[in-house]
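Quick look at structure.txt (compact mmCIF, C-alpha atoms):
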# COMPACT_ATOMS: atom_id res chain seq x y z
CA MET A 11 0.00 0.00 0.00
CA ARG A 12 1.32 3.43 -0.90
CA ALA A 13 1.36 6.24 1.65
CA ALA A 14 1.84 9.87 0.65
CA LEU A 15 3.58 12.33 2.98
CA LEU A 16 3.07 16.07 2.59
CA GLN A 17 5.91 18.21 3.92
CA MET A 18 4.68 21.80 3.92
CA THR A 19 5.49 25.25 5.25
CA SER A 20 2.19 26.28 6.82
CA GLY A 21 1.69 30.02 6.97
CA ILE A 22 -0.63 32.46 8.68
CA ASP A 23 -3.34 32.37 5.97
CA PRO A 24 -5.60 29.30 6.19
CA ARG A 25 -6.76 29.80 2.60
CA GLU A 26 -3.25 29.33 1.27
CA ASN A 27 -2.71 26.30 3.47
CA ALA A 28 -6.00 24.79 2.26
CA ALA A 29 -4.85 25.20 -1.34
CA THR A 30 -1.61 23.35 -0.56
CA LEU A 31 -3.52 20.52 1.11
CA THR A 32 -6.12 20.06 -1.61
CA ASP A 33 -3.45 20.11 -4.32
CA ALA A 34 -1.56 17.39 -2.43
CA ILE A 35 -4.72 15.27 -2.25
CA VAL A 36 -5.15 15.42 -6.03
CA ARG A 37 -1.48 14.66 -6.65
CA SER A 38 -1.41 11.80 -4.13
CA ALA A 39 -4.46 10.13 -5.65
CA GLY A 40 -2.88 10.50 -9.08
CA GLU A 41 0.23 8.70 -7.83
CA GLY A 42 -1.82 5.77 -6.55
CA ALA A 43 -1.58 6.49 -2.82
CA ALA A 44 -4.11 4.88 -0.50
CA MET A 45 -3.70 7.57 2.15
CA LEU A 46 -2.13 11.02 2.54
CA PHE A 47 -0.49 12.18 5.78
CA THR A 48 -0.09 15.90 6.55
CA PRO A 49 1.84 17.75 9.31
CA GLU A 50 0.88 19.18 12.66
CA MET A 51 -0.88 22.57 12.36
CA SER A 52 -1.78 22.13 8.71
CA ASN A 53 -4.34 24.94 8.81
CA ILE A 54 -2.29 27.70 10.44
CA LEU A 55 1.11 28.16 12.07
CA ASP A 56 1.34 31.54 13.76
CA ARG A 57 3.03 32.31 17.05
CA ASP A 58 1.38 35.77 17.12
CA ARG A 59 -1.57 34.58 19.18
CA ALA A 60 -3.59 37.77 18.80
CA ARG A 61 -3.37 37.53 15.02
CA ALA A 62 -3.93 33.76 14.99
CA ALA A 63 -7.08 34.13 17.09
CA ARG A 64 -8.86 35.65 14.09
CA SER A 65 -8.33 32.45 12.10
CA ILE A 66 -8.78 29.73 14.74
CA VAL A 67 -12.45 28.73 14.78
CA PRO A 68 -14.57 25.83 16.04
CA GLU A 69 -14.19 22.60 14.11
CA ASP A 70 -17.57 22.94 12.40
CA ASP A 71 -16.55 26.33 11.00
CA ASP A 72 -13.04 25.46 9.88
CA ARG A 73 -12.78 26.00 6.13
CA VAL A 74 -9.55 24.02 5.85
CA LEU A 75 -11.20 20.93 7.32
CA ALA A 76 -14.19 21.37 5.02
CA ALA A 77 -11.95 21.76 1.96
CA VAL A 78 -9.92 18.66 2.81
CA ARG A 79 -13.05 16.57 3.37
CA GLU A 80 -14.47 17.67 0.03
CA ALA A 81 -11.21 17.02 -1.81
CA ALA A 82 -10.77 13.59 -0.16
CA ALA A 83 -14.26 12.55 -1.24
CA LYS A 84 -13.69 13.79 -4.79
CA ALA A 85 -10.34 12.02 -5.08
CA GLY A 86 -11.44 8.86 -3.24
CA LEU A 87 -8.46 9.15 -0.89
CA TRP A 88 -8.04 8.65 2.85
CA VAL A 89 -6.33 11.56 4.61
CA HIS A 90 -4.70 11.84 8.00
CA LEU A 91 -4.93 15.58 8.59
CA GLY A 92 -2.04 15.71 11.04
CA SER A 93 -3.57 18.44 13.15
CA LEU A 94 -5.52 21.67 13.02
CA ALA A 95 -5.73 24.46 15.55
CA VAL A 96 -9.41 24.59 16.48
CA ARG A 97 -11.32 26.53 19.10
CA GLY A 98 -12.80 24.41 21.88
CA ARG A 99 -16.05 24.91 23.73
CA ASP A 100 -14.31 26.43 26.76
CA GLY A 101 -12.56 29.10 24.69
CA ARG A 102 -9.18 27.36 24.75
CA TYR A 103 -7.75 25.81 21.61
CA ALA A 104 -7.23 22.15 20.74
CA ASN A 105 -4.36 20.77 18.65
CA ARG A 106 -6.55 18.20 16.91
CA GLY A 107 -5.79 15.53 14.32
CA PHE A 108 -8.40 14.01 12.00
CA VAL A 109 -8.65 10.80 10.01
CA ILE A 110 -10.88 11.34 6.97
CA ASP A 111 -11.99 8.46 4.78
CA ASP A 112 -12.42 8.29 1.01
CA THR A 113 -16.01 9.55 1.25
CA GLY A 114 -14.98 12.65 3.21
CA ALA A 115 -16.34 11.32 6.52
CA ILE A 116 -14.38 11.91 9.72
CA ARG A 117 -13.45 8.50 11.12
CA ALA A 118 -11.43 9.66 14.14
CA ARG A 119 -10.32 12.73 16.09
CA TYR A 120 -7.34 13.02 18.42
CA ASP A 121 -6.34 15.96 20.64
CA LYS A 122 -2.64 16.20 21.45
CA LEU A 123 -2.00 14.79 24.92
CA HIS A 124 1.45 16.20 25.71
CA LEU A 125 1.91 19.96 25.31
CA PHE A 126 5.26 21.52 24.40
CA ASP A 127 6.36 23.85 27.22
CA VAL A 128 10.13 24.25 27.02
CA ASP A 129 13.03 26.71 27.07
CA LEU A 130 15.74 25.76 24.59
CA PRO A 131 19.47 26.59 24.81
CA THR A 132 19.03 28.67 21.63
CA GLY A 133 16.84 31.11 23.56
CA GLU A 134 13.61 29.81 22.00
CA SER A 135 10.75 29.51 24.50
CA TRP A 136 7.50 27.70 23.79
CA ARG A 137 4.40 27.53 26.00
CA GLU A 138 1.78 25.51 24.16
CA SER A 139 -0.29 25.12 27.33
CA ALA A 140 -0.82 28.89 27.50
CA ALA A 141 -3.40 28.62 24.74
CA TYR A 142 -4.11 24.91 24.20
CA ALA A 143 -5.90 22.34 26.34
CA PRO A 144 -4.44 18.82 26.40
CA GLY A 145 -6.36 15.85 25.10
CA THR A 146 -7.90 13.27 27.39
CA ARG A 147 -7.75 10.00 25.42
CA ALA A 148 -5.60 7.90 23.14
CA VAL A 149 -7.09 6.88 19.79
CA VAL A 150 -6.69 4.11 17.21
CA VAL A 151 -8.66 3.76 13.97
CA ASP A 152 -8.77 1.20 11.18
CA THR A 153 -7.49 2.48 7.81
CA PRO A 154 -6.43 0.94 4.49
CA LEU A 155 -2.85 0.84 5.80
CA GLY A 156 -3.76 -0.97 9.02
CA ARG A 157 -4.90 0.03 12.50
CA LEU A 158 -3.51 3.52 12.94
CA GLY A 159 -2.42 4.90 16.31
CA LEU A 160 -2.68 8.68 16.53
CA SER A 161 -0.21 11.08 18.12
CA ILE A 162 1.10 14.60 17.51
CA CYS A 163 4.68 15.91 17.66
CA TYR A 164 5.80 16.16 21.33
CA ASP A 165 3.85 12.94 22.05
CA LEU A 166 6.79 11.24 20.32
CA ARG A 167 8.85 11.52 23.51
CA PHE A 168 6.41 9.50 25.65
CA PRO A 169 6.74 5.79 24.82
CA ASP A 170 3.94 4.81 27.20
CA LEU A 171 1.48 6.32 24.70
CA PHE A 172 2.79 4.14 21.89
CA ARG A 173 2.73 1.08 24.12
CA ALA A 174 -0.96 1.77 24.80
CA LEU A 175 -1.64 2.24 21.09
CA SER A 176 0.08 -1.01 20.11
CA ASP A 177 -1.70 -2.82 22.97
CA ALA A 178 -4.91 -1.60 21.31
CA GLY A 179 -3.87 -3.22 18.04
CA ALA A 180 -2.05 -0.40 16.24
CA THR A 181 0.31 -1.62 13.51
CA ILE A 182 1.18 1.86 12.24
CA PHE A 183 1.70 5.16 14.07
CA ALA A 184 1.06 8.62 12.68
CA ILE A 185 3.36 11.23 14.24
CA PRO A 186 2.73 14.58 12.49
CA ALA A 187 5.03 17.31 13.69
CA ALA A 188 6.40 20.85 13.60
CA PHE A 189 9.81 20.16 15.16
CA THR A 190 12.27 22.94 15.84
CA VAL A 191 15.62 22.67 14.10
CA PRO A 192 17.73 22.14 17.26
CA THR A 193 15.54 19.35 18.63
CA GLY A 194 15.04 17.85 15.19
CA THR A 195 18.76 17.70 14.49
CA ALA A 196 19.42 16.03 17.84
CA HIS A 197 16.50 13.66 18.26
CA TRP A 198 14.11 13.32 15.29
CA HIS A 199 15.46 10.29 13.48
CA VAL A 200 16.48 8.29 16.54
CA LEU A 201 13.12 8.74 18.29
CA MET A 202 11.09 7.89 15.19
CA ARG A 203 13.09 4.73 14.62
CA ALA A 204 12.84 3.82 18.32
CA ARG A 205 9.04 4.10 18.30
CA ALA A 206 8.91 1.79 15.26
CA ILE A 207 11.38 -0.75 16.63
CA GLU A 208 10.02 -1.07 20.15
CA ALA A 209 6.48 -1.80 18.88
CA GLY A 210 7.32 -3.59 15.63
CA ALA A 211 5.14 -1.04 13.84
CA HIS A 212 5.32 1.30 10.88
CA VAL A 213 5.75 5.03 11.57
CA VAL A 214 4.60 7.78 9.22
CA ALA A 215 5.67 11.26 10.31
CA ALA A 216 4.67 14.18 8.08
CA ALA A 217 6.44 17.36 9.15
CA GLN A 218 6.54 21.09 8.74
CA ALA A 219 9.67 22.41 7.00
CA GLY A 220 11.47 25.65 6.29
CA THR A 221 11.01 29.29 7.25
CA HIS A 222 7.41 30.22 8.06
CA ALA A 223 5.55 33.51 7.72
CA ASP A 224 5.61 33.98 11.51
CA GLY A 225 9.42 33.74 11.54
CA ARG A 226 9.90 30.27 12.99
CA VAL A 227 12.01 27.63 11.25
CA THR A 228 11.02 23.95 11.30
CA TYR A 229 13.15 20.89 10.74
CA GLY A 230 11.35 18.95 7.98
CA HIS A 231 12.68 15.43 7.25
CA SER A 232 9.25 13.80 7.06
CA LEU A 233 9.85 10.09 7.58
CA ALA A 234 8.34 6.72 6.91
CA VAL A 235 9.96 3.96 8.99
CA ASP A 236 9.29 0.24 8.80
CA PRO A 237 8.88 -2.06 11.84
CA TRP A 238 12.57 -3.07 11.73
CA GLY A 239 13.60 0.58 11.99
CA GLU A 240 14.53 0.97 8.32
CA VAL A 241 13.90 4.46 6.93
CA LEU A 242 11.74 4.07 3.83
CA CYS A 243 11.43 7.76 3.04
CA ASP A 244 13.14 10.98 4.23
CA LEU A 245 11.96 14.18 2.54
CA GLY A 246 14.87 16.35 3.64
CA PRO A 247 14.62 20.00 4.70
CA GLU A 248 12.41 21.54 1.98
CA PRO A 249 8.65 21.37 1.20
CA ALA A 250 7.85 18.23 -0.78
CA LEU A 251 5.35 15.49 -1.48
CA GLY A 252 6.84 12.03 -1.05
CA PHE A 253 5.71 8.42 -1.09
CA ALA A 254 6.50 5.21 0.77
CA GLU A 255 5.34 1.64 0.30
CA ILE A 256 3.75 0.30 3.49
CA ASP A 257 3.68 -3.51 3.69
CA PRO A 258 1.25 -4.63 6.42
CA ALA A 259 2.78 -8.14 6.33
CA ARG A 260 6.07 -6.66 7.50
CA VAL A 261 4.55 -6.08 10.95
CA ALA A 262 3.76 -9.76 11.49
CA ASP A 263 7.19 -10.75 10.19
CA VAL A 264 9.10 -8.44 12.55
CA ARG A 265 6.91 -9.24 15.55
CA ALA A 266 7.47 -12.96 14.96
CA ARG A 267 11.25 -12.47 14.83
CA ILE A 268 11.36 -10.36 17.99
CA PRO A 269 8.05 -10.87 19.85
CA VAL A 270 8.32 -7.89 22.19
CA LEU A 271 4.56 -7.38 22.36
CA ALA A 272 4.01 -10.97 23.47
CA HIS A 273 6.75 -10.58 26.08
CA ARG A 274 5.42 -7.39 27.66
CA ARG A 275 4.68 -7.61 31.35
CA ALA A 276 3.01 -5.26 33.79
CA ILE A 277 5.77 -3.38 35.56
CA PRO A 278 5.72 -4.02 39.32
CA PRO A 279 6.27 -1.23 41.84
CA VAL A 280 9.81 0.16 41.84
CA GLU A 281 11.90 -0.69 44.88
CA VAL A 282 14.14 2.14 46.03
CA ALA A 283 17.12 0.39 47.52
CA SER A 284 18.99 2.09 50.36
With the file now loaded, output its structure as structure tokens.
Amino acid sequence: MRAALLQMTSGIDPRENAATLTDAIVRSAGEGAAMLFTPEMSNILDRDRARAARSIVPEDDDRVLAAVREAAAKAGLWVHLGSLAVRGRDGRYANRGFVIDDTGAIRARYDKLHLFDVDLPTGESWRESAAYAPGTRAVVVDTPLGRLGLSICYDLRFPDLFRALSDAGATIFAIPAAFTVPTGTAHWHVLMRARAIEAGAHVVAAAQAGTHADGRVTYGHSLAVDPWGEVLCDLGPEPALGFAEIDPARVADVRARIPVLAHRRAIPPVEVAS
């Protein structure tokens, strides 16, 4: 099965981002993909929160989501819309991913569980929790590529989430992202490969890339990784549309060779020795 990965440079205008997404849907279907994966914050990426507030709306009013659903139905293509910034009922935002089927129906929603609140040595400071509410549940959904476990960006660093997803039957993980360059350079490839290897699962990670209209710079290098940890696709640092062949049988093969899921045990309480 062919997966398409969109590596984009989301800007501050949702209309322009929608055009990029719908064009990728048409191109992916034309290349024979079964499913397209897009990055975190596909509808808007703007660290000026006052300006962004004018474009972040409730899910039902989001024109990017509506455009992607319409394009997916027209092309007959499944889409994992990595995430959108949407306004929640309590006034706070949600960083929400969507799985859309080939009729345009929403099959699953996932709100990012782990929020990125860090101060980097470069002087960059990020406080996602200042505007966004964390999610409250983990999510898997059946797709043409297999049972898909959903996550978003910073979730990558919390292996307990991926253990829960694989325990729920996930054979492929979606990890859309907007990684900074310093953290991407240091950790992106090794963490993506680790998540694939430890669960014997495919990973598809569509990423933001390049210099954005709000001034930030993201790492790119959208990846597809097989269950053995082999990198099937790396899109480098620039915007691109790439493809990877996902073989569902590879999961069973790797899990038979190293049956880590079958060997998992509940971890007993930790003894602190004196």
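Of the listed residues A:Ala178, A:Ala254, A:Ala215, A:Val227, the one whose atoms come nearest to Leu271 of chain A is A:Ala178, with distances taken using all atoms listed in the file.
Rounded to one decimal, atom CA of His124 of chain A and atom CA of Asp165 of chain A lie 5.5 Å from each other.
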Identify, on the basis of only C-alpha atoms, every residue whose closest approach to Arg203 of chain A does not exceed 12 Å; exclude the query and any residue fewer than 2 positions from it along the same chain; express the result as number ranges by chain.
A: 166-167, 183, 185, 197-201, 205-215, 233-242
Tell me which protein, DNA and RNA residues are within 10 Å of Glu80 of chain A, counting only C-alpha atoms, leaving out same-chain ones fewer than 5 positions away, and put them as a ChimeraX atom specification. /A:32,74-75,85-86,112-115
Between A:Asp129, A:Asp170, A:Asp33, A:Asp23, smallest distance to Ile66 of chain A by all atoms listed in the file belongs to A:Asp23
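Checking A:Ile182, A:Val149, A:Leu46, A:Ala83 one by one against Asp257 of chain A, counting only C-alpha atoms, you find the shortest gap at A:Ile182.
Here atom CA of Leu251 of chain A is placed at a distance of 23.9 Å from atom CA of Val151 of chain A.
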Closest of A:Tyr142, A:Phe172, A:Tyr229, A:Tyr164 to Ala196 of chain A, counting only C-alpha atoms, is A:Tyr229
- Non-local contacts of Tyr103 of chain A (9 Å; all atoms listed in the file; under 4 positions in same chain excluded) as number ranges by chain: A: 66-68, 95-99, 141-143
* **Contacts of Ile116 of chain A within 10 Å, all atoms listed in the file, excl. fewer than 6 positions in-chain, as a PyMOL selection string** => chain A and resi 75+79+88-90+108-110
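For the pair atom CA of Gly159 of chain A and atom CA of Thr228 of chain A, the separation is 23.8 Å.
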